[in-house]
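Participant: Below is the file entry15.txt, which contains compact mmCIF, C-alpha atoms and all ligand atoms.
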```
# COMPACT_ATOMS: atom_id res chain seq x y z
CA MET A 23 -14.52 -36.57 59.09
CA THR A 24 -18.14 -35.52 58.52
CA LEU A 25 -19.93 -35.68 55.15
CA ILE A 26 -22.66 -33.06 54.66
CA GLU A 27 -24.94 -32.98 51.63
CA THR A 28 -27.51 -30.27 52.45
CA VAL A 29 -27.22 -26.55 53.02
CA LYS A 30 -29.39 -26.80 56.12
CA GLU A 31 -27.03 -29.26 57.80
CA LEU A 32 -24.04 -27.22 56.64
CA ARG A 33 -25.38 -24.05 58.28
CA ALA A 34 -25.87 -25.87 61.58
CA TRP A 35 -22.33 -27.29 61.36
CA ARG A 36 -20.89 -23.83 60.55
CA LYS A 37 -22.51 -22.24 63.62
CA ALA A 38 -20.52 -24.57 65.85
CA ALA A 39 -17.20 -24.07 64.00
CA ASP A 40 -14.76 -21.24 64.63
CA ARG A 41 -12.17 -20.48 61.92
CA VAL A 42 -12.60 -22.38 58.63
CA TYR A 43 -10.04 -23.11 55.87
CA PHE A 44 -11.77 -24.09 52.65
CA VAL A 45 -10.70 -26.08 49.57
CA PRO A 46 -13.39 -26.06 46.84
CA THR A 47 -13.11 -28.89 44.29
CA MET A 48 -15.08 -30.69 41.61
CA GLY A 49 -13.96 -34.09 42.88
CA ALA A 50 -11.98 -36.66 40.88
CA LEU A 51 -9.34 -35.79 43.44
CA HIS A 52 -5.65 -36.38 42.88
CA GLU A 53 -2.42 -35.51 44.65
CA GLY A 54 -2.85 -31.82 43.66
CA HIS A 55 -6.10 -31.57 45.63
CA ALA A 56 -4.67 -33.62 48.50
CA THR A 57 -1.82 -31.10 48.71
CA LEU A 58 -4.30 -28.21 48.95
CA ILE A 59 -6.11 -29.97 51.80
CA ARG A 60 -2.82 -30.80 53.55
CA GLU A 61 -1.72 -27.15 53.22
CA ALA A 62 -5.09 -26.07 54.66
CA ARG A 63 -4.57 -28.51 57.53
CA LYS A 64 -1.11 -27.03 58.22
CA MET A 65 -2.48 -23.47 58.19
CA ALA A 66 -5.49 -24.44 60.33
CA GLY A 67 -3.48 -26.20 63.03
CA PRO A 68 -5.38 -28.32 65.53
CA ASP A 69 -8.08 -25.74 66.40
CA ALA A 70 -9.50 -24.39 63.12
CA GLN A 71 -11.58 -26.54 60.76
CA VAL A 72 -10.67 -27.73 57.25
CA VAL A 73 -13.55 -28.08 54.79
CA ALA A 74 -13.41 -29.43 51.22
CA SER A 75 -16.34 -29.24 48.83
CA ILE A 76 -17.01 -31.70 46.02
CA PHE A 77 -19.41 -30.37 43.41
CA VAL A 78 -19.27 -30.74 39.63
CA ASN A 79 -20.63 -27.33 38.71
CA PRO A 80 -22.80 -27.47 35.56
CA LEU A 81 -22.60 -23.68 35.12
CA GLN A 82 -18.90 -23.71 34.25
CA PHE A 83 -19.15 -26.26 31.41
CA GLY A 84 -19.94 -25.18 27.86
CA PRO A 85 -22.54 -27.08 25.78
CA ASN A 86 -19.86 -29.17 24.04
CA GLU A 87 -17.67 -29.72 27.08
CA ASP A 88 -17.26 -32.75 29.33
CA PHE A 89 -19.86 -32.15 32.09
CA ASP A 90 -21.57 -35.52 31.55
CA ARG A 91 -18.39 -37.53 31.34
CA TYR A 92 -16.50 -35.55 34.03
CA PRO A 93 -15.28 -38.28 36.42
CA ARG A 94 -17.39 -38.70 39.58
CA THR A 95 -15.52 -40.76 42.17
CA LEU A 96 -17.07 -39.80 45.53
CA GLU A 97 -15.95 -42.83 47.58
CA THR A 98 -12.29 -42.45 46.60
CA ASP A 99 -12.52 -38.66 46.98
CA LEU A 100 -13.78 -38.98 50.54
CA ALA A 101 -10.90 -41.31 51.43
CA ILE A 102 -8.42 -38.77 49.98
CA CYS A 103 -10.01 -35.90 51.94
CA GLN A 104 -9.87 -37.89 55.14
CA GLU A 105 -6.26 -38.95 54.63
CA ALA A 106 -5.25 -35.34 53.84
CA GLY A 107 -6.80 -34.03 57.04
CA ALA A 108 -10.21 -32.55 56.17
CA ASP A 109 -12.69 -32.26 59.04
CA MET A 110 -15.74 -31.95 56.85
CA VAL A 111 -16.69 -32.51 53.20
CA PHE A 112 -19.63 -30.67 51.65
CA ALA A 113 -20.92 -32.64 48.64
CA PRO A 114 -24.29 -31.23 47.58
CA ALA A 115 -26.48 -32.34 44.67
CA VAL A 116 -27.08 -29.85 41.84
CA LYS A 117 -30.61 -29.09 43.05
CA GLU A 118 -29.26 -28.21 46.49
CA VAL A 119 -27.05 -25.51 44.95
CA TYR A 120 -29.20 -24.12 42.11
CA HIS A 121 -32.90 -23.30 42.08
CA HIS A 122 -34.56 -24.65 38.93
CA ASP A 123 -35.64 -21.11 37.98
CA ARG A 124 -32.48 -19.26 39.04
CA SER A 125 -32.07 -15.98 37.18
CA ILE A 126 -29.02 -14.30 38.69
CA GLN A 127 -25.37 -15.01 38.11
CA ILE A 128 -22.03 -13.26 38.31
CA HIS A 129 -20.49 -11.82 35.14
CA GLU A 130 -16.77 -11.01 35.15
CA THR A 131 -15.94 -8.49 32.45
CA SER A 132 -12.16 -8.18 32.15
CA LEU A 133 -9.90 -10.99 33.31
CA SER A 134 -12.10 -13.64 31.67
CA ASN A 135 -11.69 -12.28 28.15
CA VAL A 136 -8.21 -13.73 27.66
CA LEU A 137 -6.42 -17.11 27.95
CA CYS A 138 -8.90 -19.94 28.76
CA GLY A 139 -11.79 -17.48 28.99
CA ALA A 140 -11.39 -16.57 25.31
CA SER A 141 -12.03 -20.16 24.22
CA ARG A 142 -14.48 -21.06 27.02
CA PRO A 143 -17.13 -18.31 26.96
CA GLY A 144 -19.14 -18.18 30.18
CA HIS A 145 -16.79 -20.57 31.99
CA PHE A 146 -15.49 -18.04 34.51
CA ASP A 147 -18.95 -16.57 35.13
CA GLY A 148 -19.95 -20.11 36.14
CA VAL A 149 -16.87 -20.42 38.35
CA CYS A 150 -17.50 -17.02 40.00
CA THR A 151 -21.16 -17.83 40.61
CA VAL A 152 -20.48 -21.18 42.24
CA VAL A 153 -17.52 -19.93 44.28
CA ALA A 154 -19.63 -17.01 45.57
CA LYS A 155 -22.38 -19.46 46.53
CA LEU A 156 -19.91 -21.86 48.16
CA PHE A 157 -18.39 -18.95 50.11
CA ASN A 158 -21.90 -18.01 51.27
CA PHE A 159 -22.65 -21.59 52.29
CA VAL A 160 -19.34 -22.42 53.99
CA GLN A 161 -18.40 -18.89 55.19
CA PRO A 162 -14.69 -19.64 55.22
CA ASP A 163 -12.04 -17.33 56.65
CA ASP A 164 -9.43 -18.63 54.19
CA ALA A 165 -9.67 -20.47 50.88
CA LEU A 166 -6.95 -22.28 48.93
CA PHE A 167 -6.71 -22.60 45.13
CA GLY A 168 -4.05 -24.23 42.95
CA LYS A 169 -1.84 -22.11 40.71
CA LYS A 170 -2.34 -24.56 37.85
CA ASP A 171 -5.62 -22.73 37.19
CA TYR A 172 -3.84 -19.39 37.42
CA GLN A 173 -6.54 -17.45 35.60
CA GLN A 174 -9.15 -18.87 37.96
CA LEU A 175 -7.01 -17.82 40.94
CA ALA A 176 -6.63 -14.25 39.60
CA ILE A 177 -10.38 -14.02 38.92
CA ILE A 178 -11.29 -15.32 42.37
CA ARG A 179 -8.98 -12.74 43.96
CA ARG A 180 -10.87 -10.12 41.93
CA LEU A 181 -14.25 -11.60 42.93
CA VAL A 182 -13.32 -11.41 46.61
CA ARG A 183 -12.04 -7.84 46.20
CA ASP A 184 -14.94 -6.52 44.13
CA LEU A 185 -17.75 -8.22 46.08
CA ASP A 186 -16.13 -7.79 49.51
CA PHE A 187 -16.02 -11.40 50.63
CA PRO A 188 -14.15 -11.53 53.96
CA VAL A 189 -12.00 -14.45 52.75
CA ASP A 190 -8.20 -14.61 52.44
CA ILE A 191 -7.24 -16.33 49.18
CA HIS A 192 -4.06 -18.46 49.07
CA GLY A 193 -2.50 -19.61 45.77
CA ILE A 194 -0.70 -22.95 46.13
CA ASP A 195 2.05 -24.22 43.76
CA THR A 196 1.10 -26.77 41.11
CA VAL A 197 1.75 -30.41 41.99
CA ARG A 198 3.46 -32.35 39.21
CA GLU A 199 4.12 -35.89 38.09
CA PRO A 200 7.82 -36.87 38.30
CA ASP A 201 8.23 -36.02 34.58
CA GLY A 202 6.84 -32.51 35.10
CA LEU A 203 3.26 -32.94 33.83
CA ALA A 204 0.90 -30.87 35.98
CA MET A 205 -1.55 -33.11 37.82
CA SER A 206 -5.08 -32.78 36.47
CA SER A 207 -8.30 -34.78 36.59
CA ARG A 208 -8.25 -34.60 32.79
CA ASN A 209 -4.86 -36.37 32.40
CA ARG A 210 -6.81 -39.64 32.48
CA TYR A 211 -8.21 -38.81 29.03
CA LEU A 212 -4.71 -38.99 27.45
CA THR A 213 -3.72 -41.96 25.31
CA PRO A 214 -0.30 -43.52 26.15
CA ALA A 215 1.27 -41.75 23.15
CA GLU A 216 -0.20 -38.39 24.20
CA ARG A 217 0.81 -38.97 27.82
CA ALA A 218 4.39 -39.50 26.64
CA GLN A 219 4.36 -36.09 24.90
CA ALA A 220 2.43 -34.14 27.54
CA PRO A 221 5.49 -33.29 29.73
CA ALA A 222 6.74 -31.19 26.80
CA LEU A 223 4.38 -28.42 27.95
CA ARG A 224 6.27 -27.97 31.20
CA ALA A 225 9.64 -28.41 29.48
CA ALA A 226 8.77 -25.65 26.98
CA LEU A 227 7.75 -23.29 29.78
CA LEU A 228 10.99 -23.98 31.65
CA LYS A 229 13.04 -23.27 28.50
CA ALA A 230 11.32 -19.92 28.09
CA ARG A 231 11.80 -19.07 31.76
CA ASP A 232 15.50 -19.97 31.53
CA ALA A 233 15.82 -17.61 28.56
CA TRP A 234 14.03 -14.87 30.54
CA LEU A 235 16.33 -15.41 33.51
CA THR A 236 19.35 -14.92 31.23
CA GLY A 237 17.98 -11.58 29.98
CA VAL A 238 15.52 -12.27 27.13
CA THR A 239 12.62 -9.97 28.05
CA GLY A 240 10.84 -9.65 24.66
CA THR A 241 7.71 -11.78 24.66
CA ARG A 242 7.93 -12.43 20.90
CA ARG A 243 11.21 -14.25 21.33
CA LEU A 244 10.02 -16.09 24.44
CA LEU A 245 6.90 -17.27 22.60
CA GLU A 246 9.03 -18.46 19.66
CA ILE A 247 11.08 -20.63 22.00
CA ILE A 248 7.91 -22.34 23.21
CA HIS A 249 6.39 -22.71 19.74
CA TYR A 250 9.54 -24.32 18.29
CA TYR A 251 9.90 -26.69 21.22
CA LEU A 252 6.28 -27.84 21.10
CA ALA A 253 6.35 -28.21 17.31
CA ASP A 254 9.13 -30.80 17.79
CA GLU A 255 8.12 -32.46 21.06
CA ALA A 256 4.31 -32.35 21.20
CA THR A 257 3.35 -33.36 17.68
CA LEU A 258 0.05 -34.89 18.85
CA GLY A 259 -1.00 -31.64 20.52
CA ARG A 260 -2.79 -28.68 18.93
CA LYS A 261 -2.20 -25.26 20.45
CA ASP A 262 -5.23 -23.48 21.89
CA TYR A 263 -3.20 -20.49 23.17
CA ILE A 264 0.24 -19.56 24.42
CA SER A 265 0.35 -16.10 26.01
CA ILE A 266 2.57 -13.95 28.15
CA VAL A 267 0.61 -11.68 30.45
CA ASP A 268 0.84 -9.64 33.62
CA ARG A 269 0.11 -12.13 36.39
CA ASP A 270 -2.41 -9.90 38.18
CA THR A 271 -4.31 -8.18 35.36
CA LEU A 272 -3.76 -11.01 32.81
CA GLN A 273 -3.22 -8.36 30.11
CA PRO A 274 -0.69 -9.26 27.35
CA LEU A 275 2.85 -7.92 27.68
CA ASP A 276 5.43 -6.98 25.03
CA LEU A 277 8.27 -7.02 27.54
CA VAL A 278 8.50 -8.87 30.83
CA GLN A 279 10.52 -7.01 33.45
CA ASN A 280 8.88 -8.75 36.39
CA ASN A 281 5.41 -9.99 37.43
CA GLY A 282 4.87 -11.96 34.21
CA LEU A 283 3.05 -15.20 33.58
CA ILE A 284 3.40 -17.54 30.62
CA ALA A 285 0.21 -19.54 30.24
CA LEU A 286 -0.69 -22.15 27.65
CA ALA A 287 -3.43 -24.56 26.70
CA VAL A 288 -2.93 -27.46 24.30
CA PHE A 289 -5.56 -29.81 22.95
CA PHE A 290 -4.78 -33.47 22.69
CA ASP A 291 -7.57 -35.63 21.28
CA LYS A 292 -9.87 -35.88 24.33
CA ALA A 293 -7.94 -33.76 26.81
CA ARG A 294 -7.26 -30.05 26.86
CA LEU A 295 -4.22 -29.49 29.08
CA ILE A 296 -3.22 -26.19 30.66
CA ASP A 297 -0.05 -25.12 32.40
CA ASN A 298 1.79 -21.91 33.29
CA ILE A 299 4.95 -20.50 34.80
CA GLU A 300 5.52 -17.26 36.70
CA LEU A 301 8.25 -14.87 35.58
CA VAL A 302 9.10 -13.14 38.83
CA ARG A 303 12.39 -12.21 40.46
O1 LIG A 401 -11.04 -25.54 40.22
C1 LIG A 401 -12.11 -26.18 40.35
O2 LIG A 401 -12.11 -27.36 40.63
C2 LIG A 401 -13.43 -25.46 40.12
O3 LIG A 401 -13.34 -24.52 39.11
C3 LIG A 401 -13.99 -24.81 41.40
C4 LIG A 401 -13.09 -23.70 41.92
C5 LIG A 401 -14.14 -25.88 42.48
C6 LIG A 401 -15.36 -24.21 41.11
O4 LIG A 401 -16.26 -25.17 40.65
```
Could you write out this file's structure as structure tokens?
Facilitator:
Amino acid sequence: MTLIETVKELRAWRKAADRVYFVPTMGALHEGHATLIREARKMAGPDAQVVASIFVNPLQFGPNEDFDRYPRTLETDLAICQEAGADMVFAPAVKEVYHHDRSIQIHETSLSNVLCGASRPGHFDGVCTVVAKLFNFVQPDDALFGKKDYQQLAIIRRLVRDLDFPVDIHGIDTVREPDGLAMSSRNRYLTPAERAQAPALRAALLKARDAWLTGVTGTRRLLEIIHYYLADEATLGRKDYISIVDRDTLQPLDLVQNNGLIALAVFFDKARLIDNIELVR
């Protein structure tokens, strides 16, 4: 596996490569990322190349968010990429990606106004800008993103559609701990007591989906089920949002016939956890 840190070297590498499958990350890799790389390896077969990027993108962190303390674990990350089957890792420094006087960035105007975007202004503009730049650097044919960040996935599909990137986007199922907690680099911020309550997020989503599968289509009732469950089982958590939306447009629904998504974000003391579940037949 090759490690590349400059755009110049990356461009030379790309000229020699044929088809590329790409997994962008911010590092602090866990089994969720390893699964994305393994899936990319499966899709790529022996002939195409698998590239992962590791870049903690300052543009997608708000002023009071965890950019400075976001875990940076390059050595371990490289070992995980190698084990999962990456051919190349692109790990640039901030100054390699952003000019000090940069003055252009992407602004998404619809899908970012809800869910996480509502409480993290500018976050998805930062994500879109860096993903567009990474696509320009790496020039992948395919890119893989986890469904845990479902809003991000929907926005990147829109980015690719609206700005005509010739990249096929693949959404990959969330990888979970045995007790159901979605894997996340931020789980390490949980205290033992919070960690014990965190699986309640997934359990609440499953309860609501079970109700939907037995015919409850009204979102008010489905939301009540989640609220009551979390009020009992996640007493250390504080709700940021719980919403039921169309899974493509992310617009709120009153009734879910099909194509729904329940998404939630809950603050524990130092960790803000997100999770979601699709309501599709
Ligand atoms: O999901 C992430 O890790 C980041 O948002 C991404 C897509 C790598 C952009 O920085």
Participant: How would you report the residues lying within 9 Å of ligand LIG 401 (chain A), as a list in words, if you count only C-alpha atoms and all ligand atoms?
Facilitator: Val45, Pro46, Thr47, Met48, Gly49, His55, Ser75, Ile76, Phe77, Val78, Asn79, Pro80, Leu81, Gln82, His145, Phe146, Gly148, Val149, Cys150, Thr151, Val152, Val153, Leu156, Phe167, Gly168, Asp171, Gln174, Leu175 and Ile178 of chain A
Participant: What is the distance between CA of Ile194 (chain A) and CA of Val182 (chain A), in Å to one decimal?
Facilitator: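 Here the two named atoms are 17.1 Å from each other.
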Participant: Which of these residues is nearest to Ile296 (chain A), using only C-alpha atoms: A:Ala222, A:Ala253, A:Ala230, A:Val29?
Facilitator: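 Checking each candidate against Ile296 (chain A), we get A:Ala222 as the closest.
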Participant: Which of these residues is nearest to Pro114 (chain A), using all atoms listed in the file: A:His249, A:Lys261, A:Lys30, A:Lys229?
Facilitator: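 Of A:His249, A:Lys261, A:Lys30, A:Lys229, the one nearest Pro114 (chain A) is A:Lys30, counting all atoms listed in the file.
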Participant: Rounded to one decimal place, report the CA of Val160 (chain A)-CA of Glu53 (chain A) distance in Å.
Facilitator: 23.3 Å
Participant: Rounded to one decimal, what separation in Å do you get between CA of Gly144 (chain A) and CA of Ile126 (chain A)?
Facilitator: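 Calculated distance between CA of Gly144 (chain A) and CA of Ile126 (chain A) is 13.6 Å.
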Participant: Excluding Asp109 (chain A) and any residue of its chain fewer than 3 positions from it, enumerate the residues within 8 Å of it, using all atoms listed in the file, and give them as a ChimeraX atom specification.
Facilitator: /A:23-24,71-73,104
Participant: Identify which of the residues A:Leu32, A:Ala50, A:Leu272, A:Ala256 lies closest to Phe157 (chain A), counting all atoms listed in the file when measuring atom-to-atom distances.
Facilitator: A:Leu32
Participant: What's the 9 Å shell around Arg224 (chain A), counting only C-alpha atoms, without same-chain residues fewer than 6 positions away, as a list in words?
Facilitator: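 Residues near the query, excluding close chain neighbours: Asp201, Gly202, Leu203, Ala204, Asp297, Asn298 and Ile299 of chain A.
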Participant: Pick the closest to Asn280 (chain A) from A:Ile248, A:Ala140, A:Val116, A:Leu235: which is it, counting all atoms listed in the file?
Facilitator: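 Going through A:Ile248, A:Ala140, A:Val116, A:Leu235 one by one, the smallest distance to Asn280 (chain A) is for A:Leu235.
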Participant: Which residues come within 10 Å of Leu252 (chain A), counting all atoms listed in the file, excluding same-chain residues fewer than 6 positions away, as a list in words?
Facilitator: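 My reading of the contact set: Gln219, Ala220, Ala222, Leu223, Ala225, Ala226, Leu227, Glu246, Leu258, Gly259, Arg260, Lys261 and Val288 of chain A.
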Participant: Got time to write the residues from that selection, C-alpha atoms, as a PDB file, keeping the file's coordinate frame?
Facilitator:
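What follows is the written file selection29.pdb:
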```
ATOM      1  CA  GLN A 219       4.360 -36.090  24.900  1.00  0.00           C
ATOM      2  CA  ALA A 220       2.430 -34.140  27.540  1.00  0.00           C
ATOM      3  CA  ALA A 222       6.740 -31.190  26.800  1.00  0.00           C
ATOM      4  CA  LEU A 223       4.380 -28.420  27.950  1.00  0.00           C
ATOM      5  CA  ALA A 225       9.640 -28.410  29.480  1.00  0.00           C
ATOM      6  CA  ALA A 226       8.770 -25.650  26.980  1.00  0.00           C
ATOM      7  CA  LEU A 227       7.750 -23.290  29.780  1.00  0.00           C
ATOM      8  CA  GLU A 246       9.030 -18.460  19.660  1.00  0.00           C
ATOM      9  CA  LEU A 258       0.050 -34.890  18.850  1.00  0.00           C
ATOM     10  CA  GLY A 259      -1.000 -31.640  20.520  1.00  0.00           C
ATOM     11  CA  ARG A 260      -2.790 -28.680  18.930  1.00  0.00           C
ATOM     12  CA  LYS A 261      -2.200 -25.260  20.450  1.00  0.00           C
ATOM     13  CA  VAL A 288      -2.930 -27.460  24.300  1.00  0.00           C
TER      14      VAL A 288
END
```
Participant: My list of candidates is A:Ala106, A:Leu181, A:Ala113, A:Leu212. Which is closest to Thr131 (chain A) when distances are computed with all atoms listed in the file?
Facilitator: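 Nearest candidate to Thr131 (chain A) out of A:Ala106, A:Leu181, A:Ala113, A:Leu212: A:Leu181.
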Participant: Place a sphere of radius 10 Å on (11.5, -6.1, 24.4) in the file coordinates and name every protein, DNA or RNA residue with an atom inside or on its surface, counting all atoms listed in the file; give the answer as a PyMOL selection string.
Facilitator: chain A and resi 238-243+275-279
Participant: Nearest residue to Glu216 (chain A) out of A:Asp270, A:Glu97, A:Asp40, A:Asp291, using all atoms listed in the file?
Facilitator: A:Asp291
Participant: Taking (3.5, -13.4, 37.0) in the file's coordinates, which residues come within 6 Å, counting only C-alpha atoms, written as number ranges by chain?
Facilitator: A: 268-269, 281-283, 300-302
Participant: Output C-alpha atoms of each residue in that selection to a file, as a PDB file, in the coordinates of the input.
Facilitator:
```
ATOM      1  CA  ASP A 268       0.840  -9.640  33.620  1.00  0.00           C
ATOM      2  CA  ARG A 269       0.110 -12.130  36.390  1.00  0.00           C
ATOM      3  CA  ASN A 281       5.410  -9.990  37.430  1.00  0.00           C
ATOM      4  CA  GLY A 282       4.870 -11.960  34.210  1.00  0.00           C
ATOM      5  CA  LEU A 283       3.050 -15.200  33.580  1.00  0.00           C
ATOM      6  CA  GLU A 300       5.520 -17.260  36.700  1.00  0.00           C
ATOM      7  CA  LEU A 301       8.250 -14.870  35.580  1.00  0.00           C
ATOM      8  CA  VAL A 302       9.100 -13.140  38.830  1.00  0.00           C
TER       9      VAL A 302
END
```
